[in-house]
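This is upload.cif (mmCIF, C-alpha atoms and all ligand atoms).
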```
data_input
loop_
_atom_site.label_atom_id
_atom_site.label_comp_id
_atom_site.auth_asym_id
_atom_site.auth_seq_id
_atom_site.Cartn_x
_atom_site.Cartn_y
_atom_site.Cartn_z
CA MET A 1 23.30 -5.61 6.69
CA LEU A 2 21.06 -8.61 6.91
CA GLU A 3 21.90 -11.83 5.07
CA THR A 4 18.80 -13.01 3.23
CA ARG A 5 17.94 -16.09 1.21
CA GLY A 6 15.55 -16.06 -1.69
CA TYR A 7 14.78 -17.37 -5.14
CA ALA A 8 15.71 -15.19 -8.11
CA ALA A 9 15.39 -15.03 -11.87
CA HIS A 10 18.68 -14.00 -13.53
CA SER A 11 17.27 -13.46 -17.02
CA PRO A 12 13.90 -13.54 -18.80
CA THR A 13 14.50 -17.11 -19.93
CA SER A 14 16.19 -18.74 -16.94
CA PRO A 15 14.30 -20.54 -14.16
CA LEU A 16 14.27 -19.13 -10.64
CA VAL A 17 17.17 -20.44 -8.54
CA PRO A 18 18.34 -20.02 -4.93
CA PHE A 19 19.94 -16.62 -4.39
CA SER A 20 21.58 -14.91 -1.39
CA PHE A 21 21.50 -11.14 -0.92
CA THR A 22 21.47 -8.53 1.83
CA ARG A 23 18.73 -6.30 3.17
CA ARG A 24 19.30 -3.02 5.00
CA ALA A 25 19.96 -2.96 8.73
CA LEU A 26 16.89 -2.11 10.79
CA GLY A 27 16.27 1.66 10.87
CA PRO A 28 14.30 3.46 13.61
CA GLN A 29 11.04 3.38 11.58
CA ASP A 30 11.53 -0.14 10.24
CA VAL A 31 10.11 -3.50 11.10
CA ARG A 32 11.75 -6.76 10.16
CA VAL A 33 9.32 -9.43 9.04
CA GLN A 34 10.03 -13.15 9.06
CA ILE A 35 8.10 -14.11 5.90
CA THR A 36 6.04 -17.27 6.39
CA HIS A 37 4.03 -17.21 3.14
CA CYS A 38 4.12 -15.47 -0.22
CA GLY A 39 1.54 -15.73 -3.00
CA ILE A 40 2.45 -16.14 -6.67
CA CYS A 41 0.78 -13.44 -8.77
CA HIS A 42 0.68 -13.55 -12.57
CA SER A 43 2.51 -10.19 -12.42
CA ASP A 44 5.49 -12.10 -10.94
CA LEU A 45 5.60 -14.22 -14.06
CA HIS A 46 5.11 -11.24 -16.43
CA GLN A 47 8.04 -9.45 -14.77
CA ALA A 48 10.38 -12.43 -14.26
CA ARG A 49 10.06 -13.09 -18.00
CA ASP A 50 10.29 -9.38 -18.88
CA GLU A 51 6.93 -9.40 -20.65
CA TRP A 52 6.23 -5.75 -19.78
CA GLY A 53 9.77 -4.57 -20.63
CA GLY A 54 12.34 -2.94 -18.34
CA SER A 55 12.83 -5.85 -15.95
CA THR A 56 16.02 -5.78 -13.87
CA TYR A 57 17.97 -8.83 -12.69
CA PRO A 58 18.63 -10.60 -10.47
CA MET A 59 14.93 -10.41 -9.60
CA VAL A 60 13.42 -11.87 -6.44
CA PRO A 61 9.67 -11.71 -7.19
CA GLY A 62 6.83 -11.77 -4.69
CA HIS A 63 4.45 -9.07 -3.50
CA GLU A 64 1.90 -11.02 -1.48
CA MET A 65 3.86 -11.46 1.73
CA VAL A 66 2.62 -12.50 5.14
CA GLY A 67 4.85 -13.07 8.11
CA THR A 68 5.65 -12.35 11.72
CA VAL A 69 7.39 -9.27 13.06
CA SER A 70 10.76 -10.39 14.43
CA HIS A 71 12.36 -6.99 15.17
CA VAL A 72 11.03 -3.44 15.55
CA GLY A 73 13.00 -0.22 15.13
CA SER A 74 13.34 2.19 18.04
CA ALA A 75 10.56 4.45 16.67
CA ALA A 76 8.36 1.82 15.01
CA ALA A 77 5.74 1.99 17.73
CA ALA A 78 2.87 0.72 15.57
CA PHE A 79 4.11 -2.88 15.74
CA GLN A 80 5.38 -5.37 18.26
CA VAL A 81 7.50 -8.48 17.95
CA GLY A 82 5.17 -11.40 17.18
CA ASP A 83 2.54 -9.39 15.28
CA ARG A 84 1.21 -11.06 12.13
CA VAL A 85 1.67 -8.63 9.27
CA GLY A 86 1.53 -8.29 5.51
CA VAL A 87 3.57 -6.49 2.87
CA GLY A 88 2.10 -5.88 -0.58
CA CYS A 89 3.18 -4.51 -3.93
CA PHE A 90 5.13 -1.47 -2.73
CA VAL A 91 7.43 -0.76 0.22
CA ASP A 92 7.77 3.03 -0.02
CA SER A 93 6.69 6.14 -1.94
CA CYS A 94 7.50 9.85 -1.79
CA ARG A 95 4.89 10.49 0.97
CA GLU A 96 4.41 14.11 -0.17
CA CYS A 97 2.68 14.23 -3.56
CA ARG A 98 -1.08 14.53 -4.12
CA ALA A 99 -1.46 10.78 -4.49
CA CYS A 100 0.56 9.93 -1.38
CA THR A 101 -1.20 12.51 0.78
CA ALA A 102 -4.55 11.19 -0.46
CA GLY A 103 -3.53 7.68 0.67
CA GLU A 104 -3.25 6.43 -2.92
CA GLU A 105 0.49 5.71 -2.71
CA GLN A 106 0.34 3.27 -5.62
CA TYR A 107 -0.22 6.30 -7.88
CA CYS A 108 2.69 8.29 -6.36
CA GLU A 109 3.63 11.07 -8.78
CA SER A 110 7.30 10.94 -7.79
CA HIS A 111 8.57 7.41 -7.25
CA VAL A 112 6.88 4.24 -6.05
CA SER A 113 9.31 1.75 -4.54
CA TRP A 114 7.79 -1.47 -5.88
CA SER A 115 8.46 -4.46 -3.64
CA TYR A 116 10.70 -5.96 -6.33
CA ASN A 117 11.91 -5.10 -9.83
CA GLY A 118 12.15 -1.55 -8.53
CA THR A 119 14.31 0.73 -6.41
CA GLU A 120 14.16 2.35 -2.99
CA GLN A 121 13.46 6.10 -2.74
CA ASP A 122 17.11 6.83 -3.64
CA GLN A 123 16.10 5.44 -7.07
CA LYS A 124 19.27 3.34 -7.04
CA THR A 125 19.12 0.56 -4.46
CA PRO A 126 17.26 -2.42 -5.92
CA THR A 127 14.29 -3.91 -4.09
CA TYR A 128 13.84 -7.65 -3.66
CA GLY A 129 10.47 -9.27 -3.05
CA GLY A 130 8.82 -11.93 -0.99
CA TYR A 131 10.20 -15.20 -2.36
CA SER A 132 12.64 -14.83 0.53
CA ASN A 133 12.93 -15.52 4.23
CA HIS A 134 12.68 -11.97 5.61
CA ILE A 135 12.22 -8.33 4.65
CA VAL A 136 12.83 -4.93 6.28
CA VAL A 137 10.10 -2.35 5.63
CA ASP A 138 9.17 1.08 6.97
CA GLN A 139 6.24 0.62 9.36
CA ARG A 140 4.00 2.90 7.26
CA TYR A 141 3.97 0.32 4.47
CA VAL A 142 3.16 -2.67 6.67
CA LEU A 143 -0.37 -4.09 7.05
CA ARG A 144 -1.98 -5.89 9.99
CA ILE A 145 -3.36 -9.35 9.29
CA PRO A 146 -6.59 -9.87 11.26
CA ALA A 147 -6.58 -12.91 13.54
CA ALA A 148 -9.54 -14.45 11.69
CA LEU A 149 -7.41 -14.98 8.56
CA THR A 150 -4.87 -17.80 8.32
CA PRO A 151 -1.52 -16.59 6.94
CA GLU A 152 -1.54 -18.69 3.76
CA ARG A 153 -5.08 -17.64 2.83
CA ALA A 154 -4.37 -14.00 3.71
CA ALA A 155 -1.24 -13.68 1.57
CA PRO A 156 -3.02 -13.38 -1.84
CA LEU A 157 -5.19 -10.59 -0.46
CA LEU A 158 -2.13 -8.29 -0.51
CA CYS A 159 -2.38 -8.10 -4.31
CA ALA A 160 -5.27 -10.17 -5.74
CA GLY A 161 -7.56 -9.01 -2.93
CA ILE A 162 -6.82 -5.30 -3.04
CA THR A 163 -6.63 -5.15 -6.86
CA THR A 164 -10.22 -6.34 -7.11
CA TYR A 165 -11.56 -4.65 -3.95
CA SER A 166 -10.33 -1.18 -4.91
CA PRO A 167 -12.22 -0.76 -8.22
CA LEU A 168 -15.35 -2.40 -6.77
CA ARG A 169 -15.32 0.19 -3.99
CA HIS A 170 -14.25 3.11 -6.17
CA TRP A 171 -17.19 2.58 -8.56
CA LYS A 172 -19.49 1.66 -5.65
CA VAL A 173 -20.46 -1.76 -6.93
CA GLY A 174 -23.09 -3.34 -4.70
CA LYS A 175 -26.72 -4.32 -4.24
CA GLY A 176 -28.84 -4.05 -7.36
CA HIS A 177 -25.82 -4.25 -9.69
CA ARG A 178 -24.97 -6.96 -12.15
CA LEU A 179 -21.20 -7.55 -12.23
CA ALA A 180 -19.32 -9.67 -14.77
CA VAL A 181 -15.90 -11.01 -13.73
CA VAL A 182 -13.77 -12.02 -16.72
CA GLY A 183 -11.19 -14.78 -16.07
CA LEU A 184 -11.42 -17.05 -13.04
CA GLY A 185 -7.84 -17.05 -11.76
CA GLY A 186 -6.17 -15.47 -8.73
CA LEU A 187 -7.70 -12.02 -9.17
CA GLY A 188 -10.93 -13.36 -10.67
CA HIS A 189 -11.79 -15.67 -7.80
CA MET A 190 -11.30 -12.81 -5.31
CA ALA A 191 -13.46 -10.54 -7.50
CA VAL A 192 -16.27 -13.10 -7.33
CA LYS A 193 -16.05 -13.40 -3.55
CA LEU A 194 -15.79 -9.66 -2.96
CA GLY A 195 -18.44 -8.69 -5.53
CA ALA A 196 -20.89 -11.15 -3.95
CA ALA A 197 -20.01 -9.97 -0.42
CA LEU A 198 -20.74 -6.39 -1.53
CA GLY A 199 -24.19 -7.51 -2.68
CA ALA A 200 -23.79 -7.58 -6.47
CA GLU A 201 -25.12 -10.37 -8.69
CA VAL A 202 -21.93 -11.86 -10.14
CA THR A 203 -21.54 -13.68 -13.46
CA VAL A 204 -18.20 -15.27 -14.33
CA LEU A 205 -17.08 -15.07 -17.96
CA SER A 206 -14.51 -17.84 -18.43
CA ARG A 207 -13.03 -19.86 -21.25
CA SER A 208 -13.66 -22.92 -19.15
CA GLU A 209 -17.18 -24.29 -18.73
CA ARG A 210 -15.56 -26.76 -16.29
CA LYS A 211 -15.27 -23.97 -13.73
CA ARG A 212 -19.07 -23.56 -13.45
CA GLN A 213 -19.53 -25.38 -10.12
CA GLU A 214 -16.48 -23.64 -8.71
CA ALA A 215 -17.76 -20.23 -9.76
CA ILE A 216 -21.07 -20.88 -8.01
CA ARG A 217 -19.31 -22.15 -4.89
CA LEU A 218 -17.28 -18.94 -4.80
CA GLY A 219 -20.48 -16.85 -4.87
CA ALA A 220 -21.36 -16.34 -8.54
CA ALA A 221 -24.94 -16.65 -9.78
CA ASP A 222 -23.85 -17.96 -13.19
CA LEU A 223 -20.92 -18.71 -15.51
CA VAL A 224 -20.95 -17.99 -19.23
CA SER A 225 -18.32 -19.52 -21.51
CA THR A 226 -16.40 -16.91 -23.51
CA THR A 227 -15.62 -19.44 -26.23
CA GLY A 228 -19.23 -19.34 -27.49
CA ASP A 229 -21.59 -16.66 -28.79
CA LEU A 230 -21.72 -13.69 -26.38
CA SER A 231 -24.50 -11.81 -28.18
CA LYS A 232 -26.98 -12.99 -25.53
CA LEU A 233 -25.07 -10.87 -23.01
CA VAL A 234 -25.54 -7.55 -24.85
CA GLN A 235 -26.44 -4.75 -22.39
CA ARG A 236 -26.69 -7.09 -19.45
CA PHE A 237 -24.15 -5.81 -16.90
CA ASP A 238 -23.64 -2.60 -14.93
CA PHE A 239 -19.94 -3.43 -14.48
CA VAL A 240 -17.34 -5.69 -16.05
CA LEU A 241 -14.15 -6.44 -14.09
CA ASP A 242 -11.58 -7.87 -16.50
CA THR A 243 -8.73 -9.85 -14.90
CA VAL A 244 -7.42 -11.64 -18.01
CA SER A 245 -3.63 -11.91 -18.27
CA ALA A 246 -3.36 -12.26 -22.08
CA PRO A 247 -4.70 -10.38 -25.12
CA HIS A 248 -8.36 -11.22 -25.80
CA PRO A 249 -11.32 -9.76 -27.74
CA MET A 250 -12.66 -6.70 -25.93
CA ASP A 251 -15.63 -5.57 -28.00
CA PRO A 252 -18.07 -8.37 -27.01
CA LEU A 253 -17.21 -7.66 -23.37
CA LEU A 254 -17.80 -3.91 -23.80
CA GLU A 255 -21.10 -4.64 -25.53
CA SER A 256 -22.19 -6.71 -22.53
CA LEU A 257 -22.40 -3.45 -20.55
CA LYS A 258 -25.63 -1.49 -20.21
CA ARG A 259 -25.78 2.16 -21.21
CA ASP A 260 -23.39 4.13 -18.94
CA GLY A 261 -21.84 0.88 -17.73
CA THR A 262 -18.24 0.79 -16.56
CA PHE A 263 -15.51 -1.57 -17.75
CA MET A 264 -12.91 -1.97 -15.01
CA LEU A 265 -9.65 -3.29 -16.48
CA VAL A 266 -7.14 -4.76 -14.05
CA GLY A 267 -5.57 -7.54 -16.15
CA ALA A 268 -2.27 -6.40 -17.67
CA PRO A 269 -1.51 -8.38 -20.86
CA ASP A 270 1.90 -7.88 -22.46
CA LYS A 271 0.36 -6.68 -25.74
CA PRO A 272 -2.15 -3.87 -26.44
CA LEU A 273 -5.85 -4.70 -26.32
CA ALA A 274 -7.84 -3.73 -29.42
CA VAL A 275 -10.91 -1.64 -28.57
CA GLY A 276 -13.49 -0.60 -31.15
CA ALA A 277 -14.88 2.92 -30.86
CA MET A 278 -18.48 1.88 -31.52
CA PRO A 279 -19.08 -0.26 -28.42
CA LEU A 280 -17.95 2.68 -26.28
CA ILE A 281 -19.68 5.59 -28.00
CA MET A 282 -22.97 3.92 -28.84
CA ARG A 283 -23.99 3.44 -25.21
CA ARG A 284 -21.79 6.04 -23.46
CA ARG A 285 -19.84 3.21 -21.84
CA ARG A 286 -16.71 3.89 -19.80
CA LEU A 287 -13.39 2.06 -20.05
CA ALA A 288 -11.32 2.45 -16.86
CA GLY A 289 -8.20 0.94 -15.34
CA SER A 290 -7.20 0.40 -11.73
CA LEU A 291 -3.89 -0.36 -10.00
CA ILE A 292 -3.80 -2.33 -6.71
CA GLY A 293 -4.75 0.04 -3.83
CA GLY A 294 -3.25 2.31 -1.19
CA ILE A 295 -2.17 1.28 2.31
CA ARG A 296 -5.34 2.56 4.02
CA GLU A 297 -7.64 0.79 1.58
CA THR A 298 -5.56 -2.40 1.74
CA GLN A 299 -6.04 -2.48 5.52
CA GLU A 300 -9.78 -1.85 5.01
CA MET A 301 -9.89 -4.76 2.54
CA LEU A 302 -8.10 -7.12 4.97
CA ASP A 303 -10.58 -6.23 7.71
CA PHE A 304 -13.48 -6.66 5.25
CA CYS A 305 -12.22 -10.13 4.28
CA ALA A 306 -11.96 -11.11 7.93
CA ALA A 307 -15.47 -9.80 8.67
CA HIS A 308 -17.07 -11.39 5.57
CA ASN A 309 -15.03 -14.61 5.64
CA THR A 310 -13.56 -14.13 2.17
CA PRO A 311 -9.97 -15.41 2.35
CA ALA A 312 -8.27 -16.61 -0.86
CA ASP A 313 -8.49 -20.24 -2.01
CA VAL A 314 -4.91 -21.46 -2.17
CA GLU A 315 -2.57 -24.30 -3.09
CA VAL A 316 0.41 -24.20 -0.73
CA ILE A 317 3.71 -25.29 -2.30
CA PRO A 318 7.35 -25.58 -1.20
CA ILE A 319 9.68 -22.99 -2.70
CA ASP A 320 11.51 -25.47 -4.91
CA GLN A 321 8.27 -25.93 -6.89
CA VAL A 322 8.06 -22.29 -7.95
CA ASN A 323 9.12 -22.93 -11.56
CA ALA A 324 6.58 -25.73 -11.95
CA ALA A 325 3.95 -23.43 -10.46
CA TYR A 326 4.71 -20.78 -13.11
CA GLU A 327 4.10 -23.36 -15.85
CA ARG A 328 0.81 -24.39 -14.27
CA LEU A 329 -0.22 -20.74 -13.86
CA LEU A 330 0.27 -20.26 -17.60
CA LYS A 331 -2.21 -23.08 -18.20
CA SER A 332 -4.71 -21.63 -15.67
CA ASP A 333 -4.15 -24.82 -13.67
CA VAL A 334 -4.41 -23.42 -10.14
CA ARG A 335 -7.23 -23.28 -7.57
CA TYR A 336 -6.88 -20.28 -7.27
CA ARG A 337 -3.56 -19.00 -5.99
CA PHE A 338 -0.23 -20.69 -5.38
CA VAL A 339 1.25 -19.69 -2.05
CA ILE A 340 4.85 -20.52 -1.14
CA ASP A 341 5.39 -21.91 2.35
CA MET A 342 8.67 -20.34 3.46
CA ALA A 343 9.20 -23.04 6.08
CA SER A 344 10.23 -25.15 3.06
CA PHE A 345 13.43 -23.06 2.90
CA THR A 346 15.16 -25.04 5.64
P1 LIG A 401 -4.16 -15.80 -13.31
O1 LIG A 401 -4.37 -16.42 -11.99
O2 LIG A 401 -3.28 -16.47 -14.29
O3 LIG A 401 -5.62 -15.56 -13.95
C1 LIG A 401 -5.81 -15.03 -15.23
C2 LIG A 401 -7.06 -15.65 -15.84
O4 LIG A 401 -7.23 -15.08 -17.14
C3 LIG A 401 -6.97 -17.15 -16.08
O5 LIG A 401 -7.34 -17.89 -14.97
C4 LIG A 401 -7.92 -17.35 -17.24
O6 LIG A 401 -9.26 -17.49 -16.76
C5 LIG A 401 -7.83 -16.05 -18.00
N1 LIG A 401 -6.99 -16.17 -19.20
C6 LIG A 401 -5.67 -16.50 -19.26
N2 LIG A 401 -5.23 -16.51 -20.53
C7 LIG A 401 -6.27 -16.16 -21.29
C8 LIG A 401 -6.44 -15.96 -22.69
N3 LIG A 401 -5.42 -16.17 -23.55
N4 LIG A 401 -7.66 -15.57 -23.14
C9 LIG A 401 -8.68 -15.41 -22.29
N5 LIG A 401 -8.56 -15.59 -20.94
C10 LIG A 401 -7.39 -15.95 -20.46
O7 LIG A 401 -3.56 -14.32 -13.15
P2 LIG A 401 -3.79 -13.24 -11.98
O8 LIG A 401 -2.69 -13.37 -11.00
O9 LIG A 401 -5.19 -13.28 -11.55
O10 LIG A 401 -3.49 -11.88 -12.79
C11 LIG A 401 -4.31 -11.52 -13.88
C12 LIG A 401 -3.76 -10.31 -14.59
O11 LIG A 401 -3.89 -9.17 -13.73
C13 LIG A 401 -2.27 -10.39 -14.94
O12 LIG A 401 -2.08 -9.79 -16.21
C14 LIG A 401 -1.63 -9.58 -13.85
O13 LIG A 401 -0.38 -9.03 -14.23
C15 LIG A 401 -2.65 -8.50 -13.67
N6 LIG A 401 -2.59 -7.80 -12.38
C16 LIG A 401 -2.92 -6.48 -12.37
C17 LIG A 401 -2.95 -5.78 -11.18
C18 LIG A 401 -3.37 -4.34 -11.14
O14 LIG A 401 -3.06 -3.66 -10.17
N7 LIG A 401 -4.09 -3.86 -12.12
C19 LIG A 401 -2.59 -6.43 -9.99
C20 LIG A 401 -2.28 -7.79 -10.04
C21 LIG A 401 -2.29 -8.47 -11.24
P3 LIG A 401 -10.28 -18.59 -17.37
O15 LIG A 401 -9.50 -19.88 -17.45
O16 LIG A 401 -11.37 -18.62 -16.37
O17 LIG A 401 -10.73 -18.08 -18.69
ZN ZN A 402 0.17 -9.00 -8.06
ZN ZN A 403 4.12 10.38 -3.78
#
```
Here is a file; write its structure as C-alpha cells.
Amino acid sequence: MLETRGYAAHSPTSPLVPFSFTRRALGPQDVRVQITHCGICHSDLHQARDEWGGSTYPMVPGHEMVGTVSHVGSAAAAFQVGDRVGVGCFVDSCRECRACTAGEEQYCESHVSWSYNGTEQDQKTPTYGGYSNHIVVDQRYVLRIPAALTPERAAPLLCAGITTYSPLRHWKVGKGHRLAVVGLGGLGHMAVKLGAALGAEVTVLSRSERKRQEAIRLGAADLVSTTGDLSKLVQRFDFVLDTVSAPHPMDPLLESLKRDGTFMLVGAPDKPLAVGAMPLIMRRRRLAGSLIGGIRETQEMLDFCAAHNTPADVEVIPIDQVNAAYERLLKSDVRYRFVIDMASFT
C-alpha cells in the first residue's frame, strides 16, 4: 500500500484539512502519477458540502489532475516514467456495457468509479481524488498531456474542458451557428474558447457586465447581462450552453433559442430548475443534458486545445488556501479556475 497525503472534508460543514490515507499497490496495468496540479471544480464544492446528497466522508476532492508518471506496472506499456499525464472525473468503469464499449465510459450502465466520492469496481473501496500528492490508476483511464500545454493550464481541461467540448461536438456546433454561453466561470470560459475555436459566434450571458472585456478577450463577440431585460434575445441563438451552478430562471434562456434550437445543460444546481412547457413546445426547442466525456473524446479535446491554443485561464494557489478558494468560487471571484500547486505540500 502507498502512503498518500491529501486534503479532505470530514463533513458537509467542516473545512478541508490535511489527511493521510493509502492507495493500492501498483498492479500490472497501473501507472502511478505524481500529481503536480489539480483544478478546483464547482462540483468539488457541491460534493464536499453534500449539496447533491449521498456524499461520503472523508472526501478528498479533485478530478482535474495533471502530473508525471513515476512508476509503471509490468503490463502498462502505454506509458513511461516521466510522461506528463492527466486523470479526470473517473478512474474506472465496467468496460463491457454499451456505453463503455462505445467509449462513453462516463455513462457506464454498470458502475462508474468516480475519481472521488465513489468506489472502485468492487463497489466497496472508496476512491480519493486529486487534492493529494499521488494516485494509482489503470492505464486505460489515463490521458496524455500534449507538450504544448503547461501542466497548470492543462489541469482544468480534464473536467471544464471536456464538459464543454463534448456537447459542442455532439451537437456539431460550428461555423454559421450562434452560441450563447450562460455563466462565465470555469466551464463557461472554456465554452467560450472552444465555441469560438470551432467557428461559432459566441455570446456570453452573465450576471456581471464587468466581465464584458474578459468575454471578448476569451473569444466572444458580445456579452449580454442576464440581470436586465432578455426579450431582445428572443429566437437569436442556435444553441445555448448553460454552465450555471445555482438555480436560475430558465424560460428566458429557452426563448432565446431559434426554432429547433438546442439547450445544452451542463450546470448542476442543487435544486430543480423550473422549465415552462410553452418555451419548449412553441418552437420545437430541445432541452438536453451532457456529462463530462469519455476517455477517447477527452484525449481528442486535449489535442484540440494544444492545436488551437486554448488552455484554461488559471489562478495557481497553494493547497492551504483551498478553503478560501471555495469561498471565492461561491462569489464567482476567480479568473477562471483555481489550480492547486501540489509542490506547496512540502
Ligand atoms: P463556476 O466556476 O463557479 O461558474 C459558475 C458560473 O455560474 C459563475 O461564474 C456565474 O457566472 C454563474 N452563476 C453562479 N451563481 C449564479 C446564480 N445564482 N445565478 C446565475 N448565475 C450564477 O463553476 P464551474 O466549475 O464552471 O461549474 C458550473 C456548474 O457545472 C456546477 O454546477 C458544476 O457542478 C457543474 N458541472 C457539471 C459537469 C457535467 O458533466 N455536466 C461537469 C463539471 C461541472 P456569471 O458571474 O458570469 O453570471
Ligand atoms: Zn468537474
Ligand atoms: Zn460500463
Return as a CSV table (one decimal) with C-alpha atoms, in the coordinates of the input the residues of protein, DNA or RNA that approach ligand ZN 403 (chain A) to within 7 Å, with all atoms listed in the file taken into account.
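Result saved to selection14.csv:
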```csv
chain,number,residue,atom,x,y,z
A,93,SER,CA,6.7,6.1,-1.9
A,94,CYS,CA,7.5,9.8,-1.8
A,95,ARG,CA,4.9,10.5,1.0
A,96,GLU,CA,4.4,14.1,-0.2
A,97,CYS,CA,2.7,14.2,-3.6
A,98,ARG,CA,-1.1,14.5,-4.1
A,99,ALA,CA,-1.5,10.8,-4.5
A,100,CYS,CA,0.6,9.9,-1.4
A,105,GLU,CA,0.5,5.7,-2.7
A,108,CYS,CA,2.7,8.3,-6.4
A,109,GLU,CA,3.6,11.1,-8.8
A,110,SER,CA,7.3,10.9,-7.8
A,111,HIS,CA,8.6,7.4,-7.2
```
Inset, instruction - Find the distance between atom C21 of ligand LIG 401 (chain A) and atom CA of A:Asp50 and write it in Å to one decimal. - result: 14.7 Å
Legend entry - Nearby residues, ligand LIG 401 (chain A), 7 Å, all atoms listed in the file, as a ChimeraX atom specification: /A:41-43,46,159-160,163,183-188,205-208,243-248,266-269,290-292,329-330,332,336-337
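Using all atoms listed in the file, the residues found no farther than 6 Å from stretch 148-154 of chain A, other than those of its own chain fewer than 4 positions away, are A:His37, A:Ala306, A:Pro311, A:Ala312.
The list of residues with at least one atom within 10 Å of A:Arg284, based on all atoms listed in the file and without residues fewer than 6 positions apart in the same chain, reads Leu257, Lys258, Arg259, Asp260, Gly261, Thr262 and Met278 of chain A.
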Could you give me, as CSV, every stretch 26-79 of chain A residue with an atom at most 9 Å from stretch 121-138 of chain A, plus its closest atom pair and distance in Å to one decimal, counting all atoms listed in the file, rows ordered by chain then number?
```
residue,atom,partner,partner_atom,distance
A:Leu26,CA,A:Val136,CA,6.7
A:Gly27,CA,A:Asp138,CA,8.1
A:Pro28,CA,A:Asp138,CA,8.7
A:Gln29,CA,A:Asp138,CA,5.5
A:Asp30,CA,A:Asp138,CA,4.2
A:Val31,CA,A:Val137,CA,5.6
A:Arg32,CA,A:Val136,CA,4.4
A:Val33,CA,A:Ile135,CA,5.4
A:Gln34,CA,A:His134,CA,4.5
A:Ile35,CA,A:His134,CA,5.1
A:Thr36,CA,A:Asn133,CA,7.4
A:His37,CA,A:Gly130,CA,8.2
A:Cys38,CA,A:Gly130,CA,5.9
A:Gly39,CA,A:Gly130,CA,8.5
A:Ile40,CA,A:Tyr131,CA,8.9
A:Thr56,CA,A:Pro126,CA,8.7
A:Pro58,CA,A:Tyr128,CA,8.8
A:Met59,CA,A:Tyr128,CA,6.6
A:Val60,CA,A:Tyr128,CA,5.1
A:Pro61,CA,A:Gly129,CA,4.9
A:Gly62,CA,A:Gly130,CA,4.2
A:His63,CA,A:Gly130,CA,5.8
A:Glu64,CA,A:Gly130,CA,7.0
A:Met65,CA,A:Gly130,CA,5.7
A:Val66,CA,A:Gly130,CA,8.7
A:Gly67,CA,A:His134,CA,8.3
A:Ala76,CA,A:Asp138,CA,8.1
```
File of the preceding selection, C-alpha atoms, as a compact mmCIF listing (two decimals), in the frame of the given file:
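Wrote selection16.txt, looks like this:
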```
# COMPACT_ATOMS: atom_id res chain seq x y z
CA LEU A 26 16.89 -2.11 10.79
CA GLY A 27 16.27 1.66 10.87
CA PRO A 28 14.30 3.46 13.61
CA GLN A 29 11.04 3.38 11.58
CA ASP A 30 11.53 -0.14 10.24
CA VAL A 31 10.11 -3.50 11.10
CA ARG A 32 11.75 -6.76 10.16
CA VAL A 33 9.32 -9.43 9.04
CA GLN A 34 10.03 -13.15 9.06
CA ILE A 35 8.10 -14.11 5.90
CA THR A 36 6.04 -17.27 6.39
CA HIS A 37 4.03 -17.21 3.14
CA CYS A 38 4.12 -15.47 -0.22
CA GLY A 39 1.54 -15.73 -3.00
CA ILE A 40 2.45 -16.14 -6.67
CA THR A 56 16.02 -5.78 -13.87
CA PRO A 58 18.63 -10.60 -10.47
CA MET A 59 14.93 -10.41 -9.60
CA VAL A 60 13.42 -11.87 -6.44
CA PRO A 61 9.67 -11.71 -7.19
CA GLY A 62 6.83 -11.77 -4.69
CA HIS A 63 4.45 -9.07 -3.50
CA GLU A 64 1.90 -11.02 -1.48
CA MET A 65 3.86 -11.46 1.73
CA VAL A 66 2.62 -12.50 5.14
CA GLY A 67 4.85 -13.07 8.11
CA ALA A 76 8.36 1.82 15.01
```
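Distances here use all atoms listed in the file; by that measure, the residue among A:Thr13, A:Gly289, A:Met1, A:Glu327 closest to A:His170 is A:Gly289.
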Legend entry - Polymer residues at most 8 Å from A:Leu287, all atoms listed in the file, same-chain spacing of 6 or more positions, as a ChimeraX atom specification: /A:262-265,280
Inset, instruction - Could you jot down the atom CA of A:Leu198 to atom CA of A:Leu241 separation for me, Å, one decimal place? - result: 14.2 Å
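When all atoms listed in the file are used to compute distances to ligand ZN 402 (chain A), the closest of the residues A:Val81, A:Ile162, A:Ala196, A:Ile317 turns out to be A:Ile162.
The interatomic distance for the pair atom CA of A:Met342 and atom CA of A:Pro318 works out to 7.1 Å.
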Inset, instruction - Would you mind listing what lies within 6 Å of A:Val316 as a PyMOL selection string, with only C-alpha atoms counted and same-chain residues fewer than 5 positions away left out? - result: chain A and resi 338-340
Could those selected residues go to a file with C-alpha atoms, as a JSON list (two decimals), in the frame of the given file?
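Contents of out13.json, freshly written:
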```
[["chain", "number", "residue", "atom", "x", "y", "z"],
["A", 338, "PHE", "CA", -0.23, -20.69, -5.38],
["A", 339, "VAL", "CA", 1.25, -19.69, -2.05],
["A", 340, "ILE", "CA", 4.85, -20.52, -1.14]]
```
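Counting all atoms listed in the file and comparing A:His189, A:His71, A:Arg24, A:Arg328, the residue that lies closest to A:Asp313 is A:His189.
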Inset, instruction - Just give me the residues with any atom within 9 Å of (-26.8, -7.0, -21.4), file coordinates, counting all atoms listed in the file, written as a VMD selection string. - result: chain A and resid 231 to 238 255 to 258
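Distances here use all atoms listed in the file; by that measure, the residue among A:Pro146, A:Gly293, A:Glu120, A:Thr101 closest to ligand ZN 402 (chain A) is A:Gly293.
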